[in-house]
Amino acid sequence: MKFRTWMFEWLVVFSVLATVTIATGNKPVEWLGTFAVLFTFGHAAITNRLAERQAMMPVPEVDCYHWSDRYFILKEILWLAYFLLYKSYAALIGVAIFLLYPFWRRLYRRWRPLDRNKNQN
């Protein structure tokens with residue numbers, strides 16, 4: 001199996017979250033948060049790729065795809081406030097990762113533009 005970009009992203013995110021979880025007490029509840037953030041990241045990464053494909057279409061099949069990034073950023077700002085109040089450190093790092101992710105994907109796509117005819121991630 002070819003090592004794909006999404007696999008690299010997932011490993012980086014897990015490594016960062018696990019490091020923070022261990023460094024902040026290694027509590028079971030923090031591991032629960034770590035895995036919740038990790039799987040939410042996986043979902044967000046897929047959503048981002050789907051939105052990238054919609055943006056390439058002459059007439060998008062899902063005309064509200066452009067709202068995906070807006071909702072993504074707004075929800076992360078609200079989660080930031082919530083996790084700050086509860087001092088959930090792994091989740092706070094997750095918010096930072098999520099807020100940076102759209103910028104990373106834009107940079108990545110400048111380096112590796114999508115080709116309509118290829119299956120790219």
# chains A, B, ... in the order shown; residues from 1 in each chain; ligands from 1

call {"tool": "residues_around", "arguments": {"residues": "Glu30 in chain A", "least_positions_apart": "2", "cutoff": "9 Å", "atoms": "only C-alpha atoms", "output": "ChimeraX atom specification"}}
result
/A:21-22,24-28,32-35,88-91

call {"tool": "select_by_dssp", "arguments": {"residues": "chain A", "states": "helix (DSSP H, G or I)", "output": "number ranges by chain"}}
result
A: 5-23, 28-56, 67-86, 89-111

call {"tool": "residues_around", "arguments": {"residues": "range 9-13 of chain A", "least_positions_apart": "3", "cutoff": "10 Å", "atoms": "only C-alpha atoms", "output": "MDAnalysis selection string"}}
result
chainID A and resid 4:6 16:19 34 37:39 41:42 45 93:94 97:98 101

call {"tool": "closest_residue", "arguments": {"among": "A:Val20, A:Val29, A:Leu50, A:Leu99", "to": "Leu114 in chain A", "atoms": "only C-alpha atoms"}}
result
A:Leu50

call {"tool": "closest_residue", "arguments": {"among": "A:Asn48, A:Leu92, A:Ala55, A:Arg106", "to": "Arg70 in chain A", "atoms": "only C-alpha atoms"}}
result
A:Asn48

call {"tool": "atom_distance", "arguments": {"atom1": "CA of Ala44 in chain A", "atom2": "CA of Phe72 in chain A"}}
result
8.1 Å
